[in-house]
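Source file run22.cif; content: mmCIF, C-alpha atoms (C1' of nucleotides).
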data_target
#
loop_
_atom_site.label_atom_id
_atom_site.label_comp_id
_atom_site.auth_asym_id
_atom_site.auth_seq_id
_atom_site.Cartn_x
_atom_site.Cartn_y
_atom_site.Cartn_z
CA MET A 1014 43.76 112.74 189.43
CA VAL A 1015 40.09 113.21 190.22
CA ARG A 1016 39.47 113.91 193.84
CA PRO A 1017 42.33 115.84 195.45
CA ARG A 1018 43.65 115.18 198.93
CA GLU A 1019 42.06 117.34 201.55
CA PHE A 1020 45.10 117.29 203.78
CA ASP A 1021 48.62 118.57 203.39
CA ASP A 1022 51.24 115.81 203.34
CA ASP A 1023 53.72 117.97 205.17
CA GLU A 1024 51.36 118.81 207.99
CA ALA A 1025 50.41 115.15 208.35
CA ALA A 1026 54.08 114.14 208.53
CA GLU A 1027 54.68 116.82 211.15
CA GLY A 1028 51.82 115.38 213.19
CA LEU A 1029 53.25 111.88 212.94
CA LEU A 1030 56.66 113.16 214.01
CA GLY A 1031 55.22 114.92 217.03
CA ALA A 1032 53.35 111.85 218.23
CA PHE A 1033 56.19 109.36 217.75
CA TRP A 1034 58.73 111.73 219.25
CA ARG A 1035 56.69 112.19 222.39
CA HIS A 1036 55.48 108.64 222.94
CA GLY A 1037 57.86 106.35 221.06
CA TYR A 1038 56.77 103.75 218.54
CA ALA A 1039 54.97 101.10 220.57
CA ARG A 1040 53.05 103.51 222.79
CA THR A 1041 51.78 105.54 219.85
CA SER A 1042 48.46 104.02 218.80
CA ILE A 1043 46.51 104.66 215.63
CA PRO A 1044 43.97 106.73 217.60
CA THR A 1045 46.92 108.82 218.84
CA LEU A 1046 48.01 109.34 215.24
CA THR A 1047 44.52 110.28 214.08
CA ASP A 1048 44.44 112.91 216.84
CA ALA A 1049 47.89 114.18 215.93
CA THR A 1050 47.20 114.46 212.21
CA GLY A 1051 43.47 115.14 212.13
CA LEU A 1052 43.13 112.20 209.71
CA LEU A 1053 41.02 109.09 210.17
CA PRO A 1054 42.50 105.58 210.13
CA GLY A 1055 41.37 104.95 206.55
CA SER A 1056 43.12 108.07 205.26
CA LEU A 1057 46.29 107.32 207.18
CA TYR A 1058 46.46 103.79 205.78
CA ALA A 1059 45.58 104.94 202.27
CA ALA A 1060 48.40 107.48 202.40
CA PHE A 1061 51.10 105.47 204.18
CA GLY A 1062 50.21 101.78 204.25
CA SER A 1063 51.28 100.80 207.75
CA LYS A 1064 52.18 102.20 211.14
CA GLU A 1065 55.82 101.36 210.59
CA VAL A 1066 55.93 103.32 207.33
CA MET A 1067 54.37 106.27 209.18
CA PHE A 1068 57.19 105.96 211.69
CA ARG A 1069 59.80 105.86 208.94
CA ILE A 1070 58.35 109.05 207.45
CA ALA A 1071 58.63 110.66 210.88
CA VAL A 1072 62.24 109.52 211.29
CA GLU A 1073 63.25 110.91 207.91
CA ARG A 1074 61.58 114.19 208.67
CA TYR A 1075 63.27 114.34 212.06
CA ILE A 1076 66.72 113.72 210.60
CA ALA A 1077 66.20 116.45 208.03
CA GLU A 1078 65.11 118.83 210.78
CA ILE A 1079 68.20 118.10 212.89
CA ARG A 1080 70.45 118.38 209.86
CA ARG A 1081 69.11 121.86 209.26
CA ALA A 1082 69.51 122.85 212.92
CA LEU A 1083 73.15 121.72 213.05
CA THR A 1084 74.32 123.24 209.80
CA THR A 1085 76.75 126.10 210.41
CA GLU A 1086 79.06 128.35 208.48
CA LYS A 1087 81.70 128.13 211.18
CA ARG A 1088 84.82 126.03 210.70
CA GLY A 1089 86.87 123.53 212.66
CA LEU A 1090 86.81 123.79 216.44
CA ASP A 1091 84.30 126.66 216.35
CA ALA A 1092 81.92 124.55 214.29
CA LEU A 1093 82.40 121.60 216.61
CA ARG A 1094 81.64 123.71 219.66
CA HIS A 1095 78.64 125.20 217.90
CA VAL A 1096 77.24 121.76 217.06
CA LEU A 1097 77.61 120.39 220.59
CA ASP A 1098 76.28 123.57 222.17
CA THR A 1099 73.29 123.46 219.81
CA VAL A 1100 72.57 119.88 220.79
CA VAL A 1101 72.60 120.92 224.44
CA ARG A 1102 70.37 123.91 223.75
CA LEU A 1103 67.85 121.96 221.68
CA THR A 1104 67.73 119.24 224.31
CA ALA A 1105 67.40 121.45 227.36
CA LYS A 1106 65.00 124.00 225.97
CA ASP A 1107 62.39 121.36 225.10
CA PRO A 1108 59.89 121.56 228.00
CA GLU A 1109 58.73 118.01 227.25
CA ARG A 1110 62.31 116.71 227.22
CA ARG A 1111 61.60 114.41 224.31
CA GLY A 1112 65.28 113.75 223.65
CA CYS A 1113 66.17 112.30 220.25
CA LEU A 1114 63.58 110.41 218.19
CA VAL A 1115 66.29 108.19 216.71
CA LEU A 1116 68.00 107.29 219.98
CA ASN A 1117 64.68 106.82 221.77
CA ALA A 1118 63.67 104.29 219.12
CA ILE A 1119 66.88 102.24 219.16
CA PRO A 1120 65.83 99.98 222.05
CA GLU A 1121 62.51 99.10 220.45
CA SER A 1122 63.85 98.84 216.90
CA THR A 1123 64.98 95.22 217.28
CA THR A 1124 61.77 93.86 215.78
CA MET A 1125 61.39 96.49 213.06
CA ALA A 1126 61.89 96.05 209.31
CA PRO A 1127 65.45 96.39 207.97
CA GLU A 1128 64.47 99.56 206.13
CA THR A 1129 63.39 101.22 209.36
CA ARG A 1130 66.51 100.12 211.21
CA GLN A 1131 68.60 101.44 208.37
CA ALA A 1132 66.87 104.82 208.59
CA LEU A 1133 67.79 104.96 212.29
CA GLN A 1134 71.40 103.90 211.62
CA GLY A 1135 71.54 106.56 208.94
CA GLY A 1136 70.72 109.20 211.51
CA LEU A 1137 73.57 108.06 213.74
CA ASP A 1138 76.01 107.84 210.84
CA GLU A 1139 75.19 111.32 209.66
CA MET A 1140 75.86 112.80 213.09
CA ARG A 1141 79.17 110.99 213.26
CA ARG A 1142 80.24 112.18 209.83
CA LEU A 1143 79.33 115.75 210.71
CA LEU A 1144 81.56 115.68 213.78
CA ARG A 1145 84.39 113.99 211.89
CA GLY A 1146 84.35 116.67 209.23
CA HIS A 1147 84.68 119.47 211.74
CA LEU A 1148 87.42 117.60 213.60
CA ARG A 1149 89.48 117.02 210.45
CA GLU A 1150 89.10 120.66 209.57
CA ALA A 1151 90.21 121.70 213.03
CA ALA A 1152 93.27 119.47 212.82
CA ALA A 1153 94.17 120.76 209.37
CA ASP A 1154 93.67 124.43 210.33
CA ALA A 1155 95.91 124.01 213.37
CA GLY A 1156 98.44 121.93 211.47
CA ALA A 1157 98.12 119.40 214.26
CA ARG A 1158 98.25 115.61 213.99
CA ILE A 1159 95.61 114.41 216.40
CA ASP A 1160 93.89 111.07 216.89
CA VAL A 1161 90.75 111.98 214.94
CA GLU A 1162 89.08 108.61 215.46
CA ARG A 1163 89.29 108.79 219.22
CA LEU A 1164 88.19 112.41 219.44
CA GLU A 1165 85.38 111.72 217.01
CA ALA A 1166 84.23 108.89 219.25
CA LEU A 1167 84.35 111.20 222.25
CA CYS A 1168 82.36 113.98 220.56
CA PHE A 1169 79.84 111.48 219.24
CA ALA A 1170 79.51 110.10 222.77
CA ALA A 1171 78.90 113.63 224.03
CA ALA A 1172 76.12 114.26 221.51
CA VAL A 1173 74.46 110.88 222.06
CA SER A 1174 74.55 111.02 225.84
CA THR A 1175 73.31 114.62 225.90
CA ARG A 1176 70.20 113.57 224.02
CA VAL A 1177 69.63 110.42 226.08
CA LEU A 1178 70.18 112.15 229.41
CA GLY A 1179 67.95 114.96 228.26
CA ARG A 1180 65.10 112.52 227.90
CA ALA A 1181 66.03 111.18 231.34
CA GLY A 1182 65.38 114.66 232.70
CA GLN A 1183 68.95 115.32 233.83
CA PRO A 1184 69.78 118.96 234.62
CA ARG A 1185 71.06 121.24 231.88
CA ARG A 1186 74.20 121.78 233.92
CA LEU A 1187 75.20 118.15 233.37
CA LEU A 1188 74.44 118.30 229.65
CA GLN A 1189 76.51 121.46 229.27
CA GLY A 1190 79.31 119.83 231.26
CA ILE A 1191 79.38 116.98 228.77
CA ALA A 1192 79.62 119.31 225.78
CA ASP A 1193 82.23 121.50 227.49
CA GLY A 1194 84.22 118.43 228.50
CA ALA A 1195 84.33 117.13 224.95
CA VAL A 1196 85.28 120.49 223.45
CA ALA A 1197 87.96 120.99 226.07
CA ALA A 1198 89.40 117.56 225.30
CA VAL A 1199 89.62 118.42 221.60
CA ARG A 1200 91.11 121.84 222.32
CA ASP A 1201 93.76 120.33 224.60
CA ALA A 1202 94.60 117.63 222.06
CA LEU A 1203 95.02 120.28 219.37
CA ALA A 1204 97.18 122.47 221.60
CA GLN A 1205 99.39 119.55 222.60
CA ALA A 1206 99.92 118.40 219.01
CA THR A 1207 100.76 121.74 217.48
CA MET B 702 52.83 78.93 255.90
CA VAL B 703 50.88 75.97 254.61
CA ARG B 704 51.52 75.32 251.01
CA PRO B 705 55.09 76.28 250.07
CA ARG B 706 56.01 78.07 246.83
CA GLU B 707 57.06 75.68 244.14
CA PHE B 708 59.35 78.23 242.49
CA ASP B 709 62.48 80.03 243.54
CA ASP B 710 62.03 83.81 243.84
CA ASP B 711 65.55 84.42 242.61
CA GLU B 712 65.13 82.32 239.50
CA ALA B 713 61.84 83.99 238.74
CA ALA B 714 63.40 87.44 239.08
CA GLU B 715 66.25 86.37 236.81
CA GLY B 716 63.71 85.29 234.23
CA LEU B 717 61.91 88.62 234.45
CA LEU B 718 65.21 90.46 234.06
CA GLY B 719 66.13 88.46 230.98
CA ALA B 720 62.81 89.12 229.28
CA PHE B 721 62.64 92.85 230.03
CA TRP B 722 66.29 93.37 229.13
CA ARG B 723 65.87 91.75 225.75
CA HIS B 724 62.49 93.18 224.75
CA GLY B 725 61.95 96.33 226.80
CA TYR B 726 58.87 96.98 228.90
CA ALA B 727 56.05 97.48 226.41
CA ARG B 728 57.04 94.63 224.09
CA THR B 729 57.30 92.14 226.94
CA SER B 730 53.88 90.52 227.29
CA ILE B 731 52.64 88.38 230.15
CA PRO B 732 52.92 85.26 227.95
CA THR B 733 56.57 86.23 227.37
CA LEU B 734 57.04 86.46 231.13
CA THR B 735 55.37 83.11 231.79
CA ASP B 736 57.77 81.56 229.26
CA ALA B 737 60.77 83.29 230.80
CA THR B 738 59.92 82.30 234.37
CA GLY B 739 58.06 79.02 233.92
CA LEU B 740 55.22 80.49 235.99
CA LEU B 741 51.60 80.93 234.97
CA PRO B 742 49.89 84.35 235.00
CA GLY B 743 48.13 83.65 238.28
CA SER B 744 51.37 82.83 240.06
CA LEU B 745 53.14 85.87 238.65
CA TYR B 746 50.34 88.16 239.79
CA ALA B 747 50.09 86.48 243.19
CA ALA B 748 53.81 86.99 243.70
CA PHE B 749 54.29 90.48 242.26
CA GLY B 750 50.96 92.20 241.76
CA SER B 751 51.42 93.89 238.41
CA LYS B 752 53.59 93.93 235.32
CA GLU B 753 55.17 97.19 236.40
CA VAL B 754 56.22 95.77 239.76
CA MET B 755 57.75 92.84 237.92
CA PHE B 756 59.70 95.36 235.89
CA ARG B 757 60.82 97.19 239.01
CA ILE B 758 62.11 93.91 240.46
CA ALA B 759 64.05 93.35 237.25
CA VAL B 760 65.52 96.87 237.37
CA GLU B 761 66.66 96.46 240.97
CA ARG B 762 68.22 93.13 240.19
CA TYR B 763 69.94 94.59 237.14
CA ILE B 764 71.41 97.49 239.09
CA ALA B 765 72.74 95.13 241.75
CA GLU B 766 74.33 92.99 239.06
CA ILE B 767 76.04 95.96 237.40
CA ARG B 768 77.20 97.26 240.79
CA ARG B 769 78.90 93.94 241.41
CA ALA B 770 80.50 93.90 237.97
CA LEU B 771 81.94 97.41 238.35
CA THR B 772 83.31 97.06 241.86
CA THR B 773 87.10 97.11 241.89
CA GLU B 774 89.96 97.28 244.34
CA LYS B 775 91.89 99.62 242.09
CA ARG B 776 92.16 103.31 242.91
CA GLY B 777 91.91 106.61 241.11
CA LEU B 778 92.67 106.70 237.40
CA ASP B 779 93.25 102.94 237.30
CA ALA B 780 89.81 102.34 238.79
CA LEU B 781 88.26 104.78 236.35
CA ARG B 782 89.88 103.07 233.39
CA HIS B 783 88.82 99.70 234.76
CA VAL B 784 85.21 100.80 235.08
CA LEU B 785 84.96 102.23 231.57
CA ASP B 786 86.80 99.27 230.03
CA THR B 787 84.45 96.91 231.86
CA VAL B 788 81.44 98.76 230.51
CA VAL B 789 82.85 98.38 226.99
CA ARG B 790 83.61 94.70 227.54
CA LEU B 791 80.18 93.88 229.01
CA THR B 792 78.48 95.77 226.19
CA ALA B 793 80.46 94.32 223.31
CA LYS B 794 80.65 90.74 224.49
CA ASP B 795 76.86 90.38 224.71
CA PRO B 796 75.92 88.58 221.48
CA GLU B 797 72.39 89.93 221.76
CA ARG B 798 73.63 93.49 222.26
CA ARG B 799 70.96 94.22 224.83
CA GLY B 800 72.67 97.38 226.04
CA CYS B 801 71.56 98.73 229.42
CA LEU B 802 68.17 97.84 230.87
CA VAL B 803 67.94 101.22 232.59
CA LEU B 804 68.87 103.35 229.58
CA ASN B 805 66.71 101.27 227.25
CA ALA B 806 63.73 101.92 229.50
CA ILE B 807 64.19 105.70 229.83
CA PRO B 808 62.29 106.58 226.64
CA GLU B 809 59.27 104.49 227.61
CA SER B 810 59.34 105.42 231.29
CA THR B 811 57.36 108.64 230.84
CA THR B 812 54.06 106.95 231.69
CA MET B 813 55.37 104.77 234.51
CA ALA B 814 54.74 105.15 238.22
CA PRO B 815 57.01 107.53 240.16
CA GLU B 816 58.51 104.58 242.04
CA THR B 817 59.62 102.95 238.82
CA ARG B 818 61.05 106.16 237.41
CA GLN B 819 62.90 106.67 240.66
CA ALA B 820 64.42 103.21 240.42
CA LEU B 821 65.72 104.09 236.95
CA GLN B 822 67.06 107.46 238.12
CA GLY B 823 68.74 105.65 240.98
CA GLY B 824 70.65 103.52 238.52
CA LEU B 825 71.95 106.60 236.71
CA ASP B 826 72.83 108.37 239.94
CA GLU B 827 74.77 105.41 241.22
CA MET B 828 76.87 105.24 238.08
CA ARG B 829 77.61 108.93 238.30
CA ARG B 830 78.64 108.70 241.95
CA LEU B 831 80.92 105.78 241.21
CA LEU B 832 82.76 107.75 238.55
CA ARG B 833 82.95 110.86 240.73
CA GLY B 834 84.54 108.88 243.56
CA HIS B 835 87.29 107.52 241.37
CA LEU B 836 87.90 110.95 239.84
CA ARG B 837 88.24 112.65 243.22
CA GLU B 838 90.62 109.94 244.31
CA ALA B 839 92.68 110.38 241.16
CA ALA B 840 92.86 114.12 241.71
CA ALA B 841 93.85 113.71 245.35
CA ASP B 842 96.49 111.05 244.60
CA ALA B 843 98.07 113.24 241.94
CA GLY B 844 97.77 116.36 244.07
CA ALA B 845 96.10 117.96 241.08
CA ARG B 846 93.28 120.50 241.08
CA ILE B 847 91.07 119.44 238.18
CA ASP B 848 87.54 120.32 237.15
CA VAL B 849 85.93 117.21 238.63
CA GLU B 850 82.42 118.17 237.58
CA ARG B 851 83.29 118.51 233.92
CA LEU B 852 85.38 115.35 233.81
CA GLU B 853 82.69 113.47 235.69
CA ALA B 854 80.18 114.58 233.08
CA LEU B 855 82.51 113.42 230.33
CA CYS B 856 83.09 109.99 231.87
CA PHE B 857 79.38 109.58 232.57
CA ALA B 858 78.71 110.49 228.95
CA ALA B 859 81.20 107.84 227.88
CA ALA B 860 79.54 105.13 229.96
CA VAL B 861 76.01 106.09 228.88
CA SER B 862 76.79 106.35 225.19
CA THR B 863 78.75 103.10 225.20
CA ARG B 864 75.67 101.27 226.45
CA VAL B 865 73.27 103.03 224.10
CA LEU B 866 75.47 102.58 221.04
CA GLY B 867 76.03 98.98 222.02
CA ARG B 868 72.31 98.37 221.72
CA ALA B 869 72.45 100.20 218.40
CA GLY B 870 74.90 97.56 217.22
CA GLN B 871 77.83 99.93 216.74
CA PRO B 872 81.24 98.28 216.39
CA ARG B 873 83.34 97.57 219.45
CA ARG B 874 86.07 99.76 217.99
CA LEU B 875 83.84 102.81 218.43
CA LEU B 876 82.87 101.86 221.97
CA GLN B 877 86.51 101.38 222.92
CA GLY B 878 87.37 104.69 221.30
CA ILE B 879 84.83 106.40 223.55
CA ALA B 880 86.27 104.86 226.70
CA ASP B 881 89.85 105.55 225.62
CA GLY B 882 88.95 109.12 224.73
CA ALA B 883 87.45 109.78 228.14
CA VAL B 884 90.34 108.20 230.02
CA ALA B 885 92.84 110.13 227.92
CA ALA B 886 91.01 113.38 228.65
CA VAL B 887 91.20 112.70 232.38
CA ARG B 888 94.86 111.68 232.20
CA ASP B 889 95.76 114.84 230.27
CA ALA B 890 93.82 117.03 232.69
CA LEU B 891 95.66 115.44 235.62
CA ALA B 892 99.05 115.84 233.93
CA GLN B 893 98.39 119.47 233.09
CA ALA B 894 97.22 120.34 236.62
CA THR B 895 100.08 118.71 238.51
"C1'" DG C 1430 26.18 117.44 183.52
"C1'" DG C 1431 27.35 112.69 183.70
"C1'" DG C 1432 30.93 108.87 183.90
"C1'" DG C 1433 35.11 107.54 185.84
"C1'" DT C 1434 38.38 107.85 189.41
"C1'" DT C 1435 40.08 108.70 193.79
"C1'" DA C 1436 39.50 110.42 198.76
"C1'" DT C 1437 37.08 110.22 203.09
"C1'" DT C 1438 34.38 108.12 206.54
"C1'" DG C 1439 33.84 105.40 210.71
"C1'" DA C 1440 32.14 101.10 211.97
"C1'" DC C 1441 34.06 96.61 211.99
"C1'" DT C 1442 37.36 92.52 212.52
"C1'" DG C 1443 40.23 89.38 214.68
"C1'" DA C 1444 44.07 89.18 217.49
"C1'" DG C 1445 46.54 90.12 221.57
"C1'" DC C 1446 46.86 92.51 225.75
"C1'" DA C 1447 46.96 92.85 231.32
"C1'" DT C 1448 44.56 91.14 234.86
"C1'" DT C 1449 41.19 88.19 237.60
"C1'" DC C 1450 39.20 84.29 239.77
"C1'" DA C 1451 36.91 79.98 240.89
"C1'" DA C 1452 38.37 75.51 241.32
"C1'" DG C 1453 41.47 72.21 242.69
"C1'" DA C 1454 46.01 70.79 244.77
"C1'" DA C 1455 49.59 70.74 248.37
"C1'" DC C 1456 51.05 71.24 252.61
"C1'" DT C 1457 51.11 71.93 258.17
"C1'" DG C 1458 49.66 71.71 262.80
"C1'" DG C 1459 46.72 69.33 265.82
"C1'" DC D 136 43.63 62.18 258.99
"C1'" DC D 137 41.22 66.34 259.07
"C1'" DA D 138 40.72 71.55 259.17
"C1'" DG D 139 42.68 75.53 257.66
"C1'" DT D 140 45.65 78.07 254.83
"C1'" DT D 141 48.21 79.12 250.87
"C1'" DC D 142 49.59 78.07 246.16
"C1'" DT D 143 48.74 76.71 241.33
"C1'" DT D 144 46.01 76.34 237.33
"C1'" DG D 145 44.25 78.05 233.02
"C1'" DA D 146 40.09 79.70 231.23
"C1'" DA D 147 37.58 83.91 231.21
"C1'" DT D 148 37.04 89.15 231.06
"C1'" DG D 149 36.97 93.47 229.14
"C1'" DC D 150 39.82 96.35 226.68
"C1'" DT D 151 42.75 98.18 223.08
"C1'" DC D 152 45.28 97.42 219.20
"C1'" DA D 153 46.56 97.54 213.90
"C1'" DG D 154 44.43 97.26 209.91
"C1'" DT D 155 40.13 96.78 206.49
"C1'" DC D 156 36.22 97.95 203.75
"C1'" DA D 157 31.71 99.15 201.87
"C1'" DA D 158 29.42 103.28 201.42
"C1'" DT D 159 29.56 107.97 200.35
"C1'" DA D 160 31.52 112.29 198.70
"C1'" DA D 161 34.40 115.25 195.77
"C1'" DC D 162 36.44 116.29 191.75
"C1'" DC D 163 38.05 116.40 186.52
"C1'" DC D 164 37.39 115.67 181.76
"C1'" DC D 165 34.65 115.14 177.98
#
Structure translated into structure tokens:
Amino acid sequence: MVRPREFDDDEAAEGLLGAFWRHGYARTSIPTLTDATGLLPGSLYAAFGSKEVMFRIAVERYIAEIRRALTTEKRGLDALRHVLDTVVRLTAKDPERRGCLVLNAIPESTTMAPETRQALQGGLDEMRRLLRGHLREAAADAGARIDVERLEALCFAAAVSTRVLGRAGQPRRLLQGIADGAVAAVRDALAQAT
Amino acid sequence: MVRPREFDDDEAAEGLLGAFWRHGYARTSIPTLTDATGLLPGSLYAAFGSKEVMFRIAVERYIAEIRRALTTEKRGLDALRHVLDTVVRLTAKDPERRGCLVLNAIPESTTMAPETRQALQGGLDEMRRLLRGHLREAAADAGARIDVERLEALCFAAAVSTRVLGRAGQPRRLLQGIADGAVAAVRDALAQAT
DNA sequence: GGGGTTATTGACTGAGCATTCAAGAACTGG
DNA sequence: CCAGTTCTTGAATGCTCAGTCAATAACCCC
């Protein structure tokens, strides 16, 4: 190495994430990204190679951030409630109502590279697995035989729609109703199967 | 009138709808729209005025189409199940997996004119009202006092996420699980409150 | 301190975008 | 069949986009 980078990779990635999260992929131009990162086009392309790679970096960073925010020491139904409540809180407290970077990008991902689409799918899969784990735990703890697949689908639907409707500017009351509805459905299913 | 239009307004609108549904707003260029409608730029602009108005026409047409598809003579819980099953069927049977024009457009609607955003909100509101009506009917028919607001949120979440995850290419099994989960939650709530 | 390597700079390129418009074509009423 | 009106045509306009590159600057090692 001879001339060191003047910028911090992490800060640059954070800037990319902020821009793509707010504006989506297509509406984020290179000038937007230079503003968001403080880097000039040449530096951005030297570091990342293409706009789509910059987006992929942002997606991976976003998923890691969400993973951290949803990690909990709680178990079973408590953990499930905590996850869905956290999704509601994160969504509603954002004054810009940016929703979810991954879900926002799904509609415009049809023409993206397989690697990018896979990164987005990975985000969805991880959320689903997280919910499934807590559901299985809840069933085991209660000694109840519940339809995990169906309840997992319902909880996943709650998380997804909360994020989407958050971006749509729907009131927090609705988002909380979704989370409460899903948790109540799981609680009732557990109670009935015990 | 002196020189009559050579094209049919309805066919043109259908072409606009097809293009915007498949590609979203930003990625649909005027050349794409001339291909989809068979009209040249001049004719499109003479007839509609701007790309965003063309989009609004498409949204209104889309909402009318969905309204027709979800209208049923059934009542209460049967109607609710019918609506959610129809959403699943429409979503999964589309080989292009275009999802919902309205929900697809939400992330990129932030910079659109208030009129356009209102048209999109109108689509969401209409879906919510439809579900609420069937839920109230179901509660009245069963003589049950249920938490309509929460169950409405849950069913709305099911419909929204089905469409979004359809565009994401998720398997039909998941989409059906969401609908079944929501219907089961309503059924259980009714049974418990009777 | 100089040679070799890599980073930064910002103007530049070519393509594609939404939109316009002047010219010509098609029709109606008189 | 002509005057008047509206529609169609497709090239042109000005802009913005993603991506490039030659010049310059910064640094390390010897």
Check: Near segment 143-152 of chain D, within 9 Å and counting all atoms listed in the file, which residues show up once chain neighbours fewer than 2 positions away are dropped, as a PyMOL selection string?
Finding: (chain A and resi 1042-1043) or (chain B and resi 707+741-744) or (chain C and resi 1444-1446+1448-1450+1452-1454)
Margin query: Please expand the PyMOL selection byres ((chain D) within 10 of (chain A)) into the concrete residues it hits in this file, giving the result as a list in words.
Written below: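 So the PyMOL selection byres ((chain D) within 10 of (chain A)) ends up selecting DT151, DC152, DA153, DG154, DT155, DC156, DA160, DA161, DC162, DC163 and DC164 of chain D.
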Next item on the list: On this file, the PyMOL selection byres ((chain C) within 10 of (chain A)) gives some set of residues; write that set as a ChimeraX atom specification.
Entry: /C:1433-1439
Checklist line | Expected answer as a ChimeraX atom specification: chain A residues within 7 Å of chain B, only C-alpha atoms | finding: /A:1037,1039,1117,1119-1121,1163-1164,1166-1167,1170-1171,1173-1174,1180-1181,1187,1190-1191,1194-1195,1198
Next item on the list: Just give me the gap between atom CA of Glu774 of chain B and atom CA of Pro872 of chain B in Å, one decimal is fine.
Entry: 29.3 Å
Next item on the list: Please indicate the distance in Å from atom CA of Glu797 of chain B to atom CA of Arg1141 of chain A, rounded to one decimal place.
Entry: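 Atom CA of Arg1141 of chain A lies 23.7 Å from atom CA of Glu797 of chain B.
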Next item on the list: To verify the selection step, state as a VMD selection string which residues the PyMOL selection byres ((chain D and resi 139) around 12) yields on this input.
Entry: (chain B and resid 702 to 704) or (chain C and resid 1456 to 1459) or (chain D and resid 137 to 138 140 to 141)
Next item on the list: Report the distance between atom CA of Asp709 of chain B and atom C1' of DA1451 of chain C in Å, rounded to one decimal place.
Entry: 25.7 Å
Need the axis-aligned box for segment 749-760 of chain B with 8 Å each side, so what are the centre and edges in Å to one decimal, as JSON?
{"center_x": 58.2, "center_y": 93.8, "center_z": 238.8, "size_x": 30.6, "size_y": 22.7, "size_z": 22.9}
N, CA and C atoms of segment 776-787 of chain B from block above, as an mmCIF file, in the first residue's frame:
data_model
loop_
_atom_site.group_PDB
_atom_site.id
_atom_site.type_symbol
_atom_site.label_atom_id
_atom_site.label_comp_id
_atom_site.auth_asym_id
_atom_site.auth_seq_id
_atom_site.Cartn_x
_atom_site.Cartn_y
_atom_site.Cartn_z
ATOM 1 N N ARG B 776 -71.400 -13.537 2.473
ATOM 2 C CA ARG B 776 -71.543 -12.661 3.639
ATOM 3 C C ARG B 776 -70.557 -13.051 4.738
ATOM 4 N N GLY B 777 -70.226 -12.093 5.552
ATOM 5 C CA GLY B 777 -69.477 -12.367 6.783
ATOM 6 C C GLY B 777 -68.180 -13.115 6.578
ATOM 7 N N LEU B 778 -67.997 -14.166 7.404
ATOM 8 C CA LEU B 778 -66.734 -14.905 7.373
ATOM 9 C C LEU B 778 -66.490 -15.544 6.013
ATOM 10 N N ASP B 779 -67.573 -16.025 5.380
ATOM 11 C CA ASP B 779 -67.417 -16.610 4.036
ATOM 12 C C ASP B 779 -66.876 -15.579 3.062
ATOM 13 N N ALA B 780 -67.422 -14.373 3.123
ATOM 14 C CA ALA B 780 -66.957 -13.305 2.226
ATOM 15 C C ALA B 780 -65.501 -12.975 2.509
ATOM 16 N N LEU B 781 -65.166 -12.904 3.788
ATOM 17 C CA LEU B 781 -63.784 -12.602 4.170
ATOM 18 C C LEU B 781 -62.825 -13.652 3.619
ATOM 19 N N ARG B 782 -63.182 -14.908 3.810
ATOM 20 C CA ARG B 782 -62.341 -15.990 3.306
ATOM 21 C C ARG B 782 -62.232 -15.897 1.787
ATOM 22 N N HIS B 783 -63.354 -15.615 1.158
ATOM 23 C CA HIS B 783 -63.357 -15.504 -0.309
ATOM 24 C C HIS B 783 -62.413 -14.402 -0.788
ATOM 25 N N VAL B 784 -62.464 -13.281 -0.114
ATOM 26 C CA VAL B 784 -61.613 -12.152 -0.510
ATOM 27 C C VAL B 784 -60.133 -12.515 -0.377
ATOM 28 N N LEU B 785 -59.761 -13.049 0.774
ATOM 29 C CA LEU B 785 -58.339 -13.359 0.996
ATOM 30 C C LEU B 785 -57.877 -14.492 0.074
ATOM 31 N N ASP B 786 -58.734 -15.479 -0.140
ATOM 32 C CA ASP B 786 -58.364 -16.560 -1.064
ATOM 33 C C ASP B 786 -58.208 -16.021 -2.488
ATOM 34 N N THR B 787 -59.069 -15.086 -2.847
ATOM 35 C CA THR B 787 -58.979 -14.504 -4.197
ATOM 36 C C THR B 787 -57.678 -13.716 -4.357
#
